[in-house]
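Structure file my_file_3.cif (mmCIF, C-alpha atoms and all ligand atoms) follows.
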```
data_target
#
loop_
_atom_site.label_atom_id
_atom_site.label_comp_id
_atom_site.auth_asym_id
_atom_site.auth_seq_id
_atom_site.Cartn_x
_atom_site.Cartn_y
_atom_site.Cartn_z
CA MET A 1 140.72 20.15 33.16
CA ASN A 2 141.88 18.68 36.48
CA SER A 3 145.60 18.51 37.08
CA SER A 4 147.39 16.41 39.63
CA LEU A 5 149.85 18.96 40.97
CA THR A 6 152.36 19.20 43.78
CA ASP A 7 151.19 21.39 46.68
CA ALA A 8 148.36 22.86 44.61
CA GLU A 9 144.77 22.28 43.62
CA ILE A 10 143.88 23.98 40.36
CA LYS A 11 140.96 23.31 38.12
CA VAL A 12 140.00 25.04 34.87
CA ILE A 13 136.46 24.83 33.52
CA PRO A 14 136.62 26.00 29.89
CA GLU A 15 133.60 28.03 28.77
CA PHE A 16 131.97 27.98 32.20
CA ILE A 17 130.02 30.86 30.69
CA LEU A 18 129.27 30.30 27.01
CA LYS A 19 131.09 32.60 24.57
CA GLU A 20 128.12 34.65 23.43
CA LYS A 21 126.96 35.34 26.98
CA ALA A 22 130.55 36.04 28.07
CA CYS A 23 130.91 38.70 25.31
CA LEU A 24 127.75 40.46 26.50
CA LEU A 25 128.91 40.28 30.09
CA PHE A 26 132.30 41.73 29.15
CA LYS A 27 130.65 44.72 27.43
CA HIS A 28 128.26 45.26 30.32
CA LEU A 29 131.01 45.22 32.96
CA GLN A 30 133.38 47.34 30.85
CA SER A 31 130.88 50.21 30.90
CA ASN A 32 129.10 49.66 34.21
CA ILE A 33 131.79 48.82 36.76
CA SER A 34 133.16 51.79 38.74
CA TRP A 35 136.75 51.27 37.64
CA GLU A 36 139.43 52.63 39.93
CA GLN A 37 143.13 53.22 39.63
CA HIS A 38 144.61 51.39 42.61
CA TYR A 39 148.08 52.03 44.00
CA VAL A 40 150.54 49.58 45.52
CA THR A 41 153.45 50.28 47.83
CA ILE A 42 156.57 48.37 46.82
CA PHE A 43 159.80 48.93 48.77
CA GLY A 44 158.26 52.09 50.22
CA ARG A 45 157.34 53.54 46.81
CA ARG A 46 153.71 54.20 45.93
CA MET A 47 153.03 53.15 42.35
CA ALA A 48 149.96 52.97 40.13
CA SER A 49 148.97 49.35 39.47
CA PRO A 50 149.25 48.45 35.79
CA ARG A 51 145.51 47.81 35.33
CA LEU A 52 142.17 49.14 36.57
CA SER A 53 140.38 47.43 39.43
CA ALA A 54 137.24 47.38 41.53
CA TRP A 55 136.19 45.69 44.76
CA TYR A 56 132.57 44.60 45.21
CA GLY A 57 130.94 42.61 47.97
CA GLU A 58 128.94 42.44 51.14
CA ARG A 59 129.18 45.31 53.60
CA ASN A 60 131.64 43.69 56.00
CA THR A 61 134.19 42.57 53.39
CA ASN A 62 136.91 45.20 53.70
CA TYR A 63 140.06 43.99 51.99
CA SER A 64 143.69 45.02 52.38
CA TYR A 65 146.55 44.05 50.12
CA SER A 66 149.89 45.57 49.10
CA GLY A 67 149.34 48.47 51.49
CA GLN A 68 145.93 49.52 50.19
CA HIS A 69 142.61 49.25 51.99
CA LEU A 70 139.51 48.60 49.95
CA THR A 71 135.93 49.17 51.05
CA PRO A 72 133.45 47.18 48.97
CA THR A 73 130.98 48.69 46.54
CA PRO A 74 127.62 46.87 47.02
CA TRP A 75 126.92 43.96 44.64
CA THR A 76 125.29 44.85 41.34
CA THR A 77 122.51 42.61 40.01
CA ARG A 78 124.81 41.27 37.28
CA LEU A 79 127.61 40.41 39.72
CA GLN A 80 125.10 38.71 42.03
CA THR A 81 123.90 36.61 39.09
CA ILE A 82 127.43 35.38 38.33
CA ARG A 83 128.01 34.64 42.00
CA ASN A 84 124.73 32.68 42.15
CA THR A 85 125.63 30.69 39.01
CA ILE A 86 128.92 29.63 40.64
CA LYS A 87 127.04 28.66 43.81
CA GLU A 88 124.42 26.64 41.94
CA LYS A 89 126.83 24.86 39.59
CA LEU A 90 129.80 24.32 41.91
CA ASP A 91 128.42 24.75 45.42
CA LEU A 92 130.99 27.44 46.21
CA ASP A 93 129.90 30.46 48.21
CA PHE A 94 131.66 33.83 47.93
CA ASN A 95 131.01 37.18 49.62
CA SER A 96 133.22 39.47 47.53
CA VAL A 97 134.97 39.89 44.20
CA LEU A 98 138.10 41.70 43.03
CA ILE A 99 137.68 42.75 39.41
CA ASN A 100 140.63 43.60 37.20
CA TYR A 101 140.58 45.24 33.80
CA TYR A 102 143.61 44.64 31.55
CA ARG A 103 143.14 47.28 28.85
CA THR A 104 146.10 46.25 26.67
CA GLY A 105 148.95 43.73 26.71
CA SER A 106 150.95 46.18 28.85
CA ASP A 107 148.47 45.87 31.69
CA ASN A 108 149.47 42.99 33.92
CA MET A 109 149.60 41.59 37.44
CA GLY A 110 152.93 40.75 39.06
CA TRP A 111 153.89 37.64 41.05
CA HIS A 112 151.83 37.24 44.21
CA SER A 113 149.79 34.79 46.28
CA ASP A 114 146.29 35.47 47.50
CA ASP A 115 147.32 34.67 51.04
CA GLU A 116 146.00 37.58 53.10
CA THR A 117 144.91 36.43 56.55
CA THR A 118 141.37 37.72 55.88
CA LEU A 119 141.01 34.93 53.27
CA GLY A 120 141.68 32.17 55.80
CA LYS A 121 144.21 29.32 55.67
CA ASN A 122 143.41 27.48 52.42
CA PRO A 123 141.24 29.90 50.47
CA ILE A 124 139.14 28.88 47.49
CA ILE A 125 139.31 31.46 44.73
CA ALA A 126 137.16 31.27 41.61
CA SER A 127 138.50 33.39 38.79
CA LEU A 128 136.33 34.13 35.77
CA SER A 129 137.97 35.44 32.58
CA LEU A 130 136.10 37.57 30.04
CA GLY A 131 137.28 39.09 26.76
CA GLY A 132 140.78 38.61 25.36
CA THR A 133 142.83 35.52 26.22
CA ARG A 134 145.76 36.10 28.58
CA ARG A 135 148.33 33.71 29.99
CA PHE A 136 148.11 32.83 33.69
CA VAL A 137 151.42 31.55 35.07
CA LEU A 138 152.22 29.89 38.39
CA LYS A 139 155.56 29.12 40.04
CA HIS A 140 156.31 27.18 43.21
CA LYS A 141 157.82 29.33 45.97
CA SER A 142 160.72 26.95 46.75
CA ARG A 143 160.70 24.04 44.22
CA LYS A 144 162.28 25.38 41.03
CA ASP A 145 162.41 21.80 39.68
CA LEU A 146 158.64 21.81 39.26
CA GLY A 147 158.86 24.45 36.54
CA LYS A 148 156.09 26.88 35.73
CA LEU A 149 152.45 26.06 35.15
CA GLU A 150 150.80 27.99 32.35
CA TYR A 151 147.16 28.30 31.39
CA ASP A 152 145.75 30.38 28.55
CA LEU A 153 142.54 31.76 30.02
CA GLY A 154 139.95 32.66 27.41
CA ASN A 155 136.53 34.29 27.27
CA GLY A 156 134.19 32.56 29.74
CA ASP A 157 136.78 30.22 31.32
CA LEU A 158 136.71 29.68 35.09
CA LEU A 159 139.87 28.82 37.04
CA ILE A 160 139.57 27.58 40.61
CA MET A 161 142.48 27.56 43.04
CA SER A 162 142.09 25.81 46.38
CA GLY A 163 143.86 23.68 49.01
CA SER A 164 147.43 24.79 49.72
CA THR A 165 147.91 26.56 46.36
CA GLN A 166 148.32 30.05 47.86
CA HIS A 167 150.71 28.77 50.52
CA PHE A 168 153.15 27.15 48.08
CA TRP A 169 152.66 28.90 44.74
CA LYS A 170 152.69 32.42 43.33
CA HIS A 171 150.84 33.46 40.19
CA GLN A 172 150.92 36.29 37.67
CA ILE A 173 149.46 37.65 34.46
CA PRO A 174 152.59 38.71 32.56
CA ARG A 175 152.59 41.66 30.22
CA THR A 176 152.77 40.71 26.55
CA ARG A 177 153.89 42.42 23.35
CA LYS A 178 151.36 40.41 21.37
CA HIS A 179 148.25 42.23 20.30
CA VAL A 180 145.61 41.10 22.78
CA LYS A 181 142.02 42.17 23.25
CA PRO A 182 141.02 43.86 26.51
CA ARG A 183 140.29 41.41 29.30
CA ILE A 184 138.24 41.56 32.48
CA ASN A 185 138.89 39.08 35.28
CA LEU A 186 136.72 38.52 38.33
CA THR A 187 138.26 36.74 41.31
CA PHE A 188 135.52 35.70 43.70
CA ARG A 189 136.72 35.40 47.29
CA ARG A 190 135.43 34.67 50.75
CA ILE A 191 136.53 37.24 53.32
CA ILE A 192 136.42 35.87 56.85
CA ASN A 193 135.70 38.35 59.64
CA LYS A 194 136.71 36.96 62.97
O1 LIG B 1 143.64 38.22 36.10
C1 LIG B 1 143.81 37.10 36.56
O2 LIG B 1 143.54 36.07 35.95
C2 LIG B 1 144.44 36.96 37.92
C3 LIG B 1 143.95 37.93 38.93
C4 LIG B 1 144.55 37.70 40.27
O3 LIG B 1 145.45 36.95 40.45
C5 LIG B 1 144.01 38.41 41.43
O4 LIG B 1 143.05 39.21 41.30
O5 LIG B 1 144.51 38.19 42.54
MN MN B 2 145.76 36.53 42.61
#
```
Go ahead and render the structure in this file as C-alpha cells.
Ligand SMILES: O=C(O)CCC(=O)C(=O)O
Ligand SMILES: [Mn+2]
Amino acid sequence: MNSSLTDAEIKVIPEFILKEKACLLFKHLQSNISWEQHYVTIFGRRMASPRLSAWYGERNTNYSYSGQHLTPTPWTTRLQTIRNTIKEKLDLDFNSVLINYYRTGSDNMGWHSDDETTLGKNPIIASLSLGGTRRFVLKHKSRKDLGKLEYDLGNGDLLIMSGSTQHFWKHQIPRTRKHVKPRINLTFRRIINK
C-alpha cells in the first residue's frame, strides 16, 4: 500500500516474506538472536525497556539512542539473507539492524522518531514484522489536525519509512490488553560514519 501523506513517505508491502517462511524465520530468530535487556534514561532515570532487543551490523556501526551506546554483533547468515533480499527486491542497502522482541502485549515501544544524527537527514528505514500482529501508530509532531496513522503489521509485512517522515512524525507500538502472539521486528538502518 502506498499512501499520499503530509510530510511523510510510508509504504507497506504486505507479506514481503511469505507466511510460511516468516514463521520459520520467527522461530529461528527467537532462539538464535542474542537477546539483551536494554535500558533507557528518561528524565534522568534509568529504566529497563519494555521489550528485548539486539543490535547487529557491520563493524563500524555503533549506535546511540536514549542514552545507551550499542556495539554491533556481527551479521548472522540468516540476517544477511534478509538484508540481501531487501537489496535485491527493493534496491535498498542497509549496514545494520535493530531487532526488537515483544514477548507479550505488555511489551511495547513508546513515541519516538528515528532521527539520530548517525542515520543522516532523511533516513530510509525498512521494518520487517514477524510473528503476532501489532499496531504501529504514527502522529505528526505539530499538526494535530492530521490525526493518527495506524497500520496493523502482520507476519512477514515490510514497512518502509523515508523522506521527511522522521523529521515530522513520531511512531510507537502501543501496549495492548488483547491477547497477542509474540512478535519480532527488525528495523534495517544505514549508519553513516563521517
Ligand atoms: O516494532 C516496530 O514495528 C517498531 C520498531 C521501531 O520503531 C524501532 O526499532 O525504532
Ligand atoms: Mn522507530
Once you count only C-alpha atoms and all ligand atoms, what closest atom pair and distance in Å to one decimal does each residue of chain A within 9 Å of ligand MN 2 (chain B) have, with rows by chain and rising residue number, as JSON lines?
```
{"residue": "A:Met109", "atom": "CA", "partner": "B:MN2", "partner_atom": "MN", "distance": 8.2}
{"residue": "A:Trp111", "atom": "CA", "partner": "B:MN2", "partner_atom": "MN", "distance": 8.4}
{"residue": "A:His112", "atom": "CA", "partner": "B:MN2", "partner_atom": "MN", "distance": 6.3}
{"residue": "A:Ser113", "atom": "CA", "partner": "B:MN2", "partner_atom": "MN", "distance": 5.7}
{"residue": "A:Asp114", "atom": "CA", "partner": "B:MN2", "partner_atom": "MN", "distance": 5.0}
{"residue": "A:Asp115", "atom": "CA", "partner": "B:MN2", "partner_atom": "MN", "distance": 8.8}
{"residue": "A:Ile125", "atom": "CA", "partner": "B:MN2", "partner_atom": "MN", "distance": 8.5}
{"residue": "A:Ser127", "atom": "CA", "partner": "B:MN2", "partner_atom": "MN", "distance": 8.8}
{"residue": "A:Gln166", "atom": "CA", "partner": "B:MN2", "partner_atom": "MN", "distance": 8.7}
{"residue": "A:Lys170", "atom": "CA", "partner": "B:MN2", "partner_atom": "MN", "distance": 8.1}
{"residue": "A:His171", "atom": "CA", "partner": "B:MN2", "partner_atom": "MN", "distance": 6.4}
{"residue": "A:Gln172", "atom": "CA", "partner": "B:MN2", "partner_atom": "MN", "distance": 7.1}
{"residue": "A:Thr187", "atom": "CA", "partner": "B:MN2", "partner_atom": "MN", "distance": 7.6}
```
Counting all atoms listed in the file, which residues sit no farther than 7 Å from the position (142.6, 49.5, 39.1) in the file's frame? I'd like them as JSON, numbers by chain. {"A": [35, 36, 37, 38, 49, 51, 52, 53, 54, 100]}
How about saving the chosen residues, C-alpha atoms kept, as a compact mmCIF listing (two decimals), in the frame of the given file?
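The new file again_12.txt reads:
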```
# COMPACT_ATOMS: atom_id res chain seq x y z
CA TRP A 35 136.75 51.27 37.64
CA GLU A 36 139.43 52.63 39.93
CA GLN A 37 143.13 53.22 39.63
CA HIS A 38 144.61 51.39 42.61
CA SER A 49 148.97 49.35 39.47
CA ARG A 51 145.51 47.81 35.33
CA LEU A 52 142.17 49.14 36.57
CA SER A 53 140.38 47.43 39.43
CA ALA A 54 137.24 47.38 41.53
CA ASN A 100 140.63 43.60 37.20
```
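Using only C-alpha atoms and all ligand atoms for every distance, the candidate list A:Thr118, A:Ser142, A:Asn108, A:Ser31 yields A:Asn108 as the residue closest to ligand LIG 1 (chain B).
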Point-to-point distance from CA of Pro72 (chain A) to CA of Leu158 (chain A), Å rounded to tenths: 22.6 Å
Grab all the atoms of region 42-56 of chain A that the file lists, wrap them in a box along x, y and z, add 3 Å per side, and give me centre plus edge lengths in Å (one decimal) as AutoDock Vina command-line options.
```
--center_x 146.2 --center_y 49.4 --center_z 42.8 --size_x 33.2 --size_y 15.6 --size_z 20.9
```
Return the single residue from A:Phe43, A:Phe168, A:Tyr65, A:Phe26 that is closest to ligand LIG 1 (chain B), with distances computed using only C-alpha atoms and all ligand atoms. A:Tyr65
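Residues in contact with Thr41 (chain A) at 9 Å, where all atoms listed in the file are counted and same-chain residues fewer than 6 positions away are skipped, are listed as A:Met47, A:Ala48, A:Ser66, A:Gly67, A:Gln68.
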Taking (126.7, 43.9, 35.9) in the file's coordinates, which residues come within 8 Å, counting only C-alpha atoms, written as number ranges by chain? A: 25, 28-29, 32-33, 76-79
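With CA of Ser34 (chain A) on one side and CA of Arg134 (chain A) on the other, the separation reads 22.5 Å.
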Measuring between all atoms listed in the file, which one of A:Gly147, A:Arg59, A:Arg175, A:Ile86 shows the shortest distance to Gly110 (chain A)? A:Arg175
For Asn60 (chain A), find every residue with an atom within 9 Å (counting only C-alpha atoms), except residues of its own chain fewer than 6 positions away, and show them as a list in words. Thr71, Pro72, Ile191 and Asn193 of chain A
Hey, can you spit out that residue selection with C-alpha atoms as a short mmCIF file (atom, residue, chain, number, x, y, z; two decimals), in the frame of the given file?
```cif
data_model
loop_
_atom_site.label_atom_id
_atom_site.label_comp_id
_atom_site.auth_asym_id
_atom_site.auth_seq_id
_atom_site.Cartn_x
_atom_site.Cartn_y
_atom_site.Cartn_z
CA THR A 71 135.93 49.17 51.05
CA PRO A 72 133.45 47.18 48.97
CA ILE A 191 136.53 37.24 53.32
CA ASN A 193 135.70 38.35 59.64
#
```
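With all atoms listed in the file as the basis for measurement, A:Arg183 is the residue among A:Arg183, A:Arg46, A:His167, A:Lys11 that approaches Arg135 (chain A) most closely.
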A:Pro74, A:Gly120, A:Pro50, A:Gly44: which is nearest ligand LIG 1 (chain B), counting only C-alpha atoms and all ligand atoms? A:Pro50
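With only C-alpha atoms as the atoms that count, the minimum distance from Pro123 (chain A) to the choices A:Gly163, A:Pro174, A:Pro14, A:Pro182 is reached by A:Gly163.
If you look at atom O4 of ligand LIG 1 (chain B) and CA of Glu20 (chain A), they are 23.7 Å away from each other.
Residues surrounding Asn185 (chain A) within 9 Å are A:Leu98, A:Ile99, A:Asn100, A:Tyr101, A:Tyr102, A:Ser127, A:Leu128, A:Ser129, A:Leu130, A:Gly131 [only C-alpha atoms; sequence separation below 3 positions excluded].
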Could you pull the residues within 12 Å of Leu90 (chain A), counting all atoms listed in the file, minus those fewer than 6 positions along the same chain, as a ChimeraX atom specification? /A:11,13,16,82-84,124,126,158,160
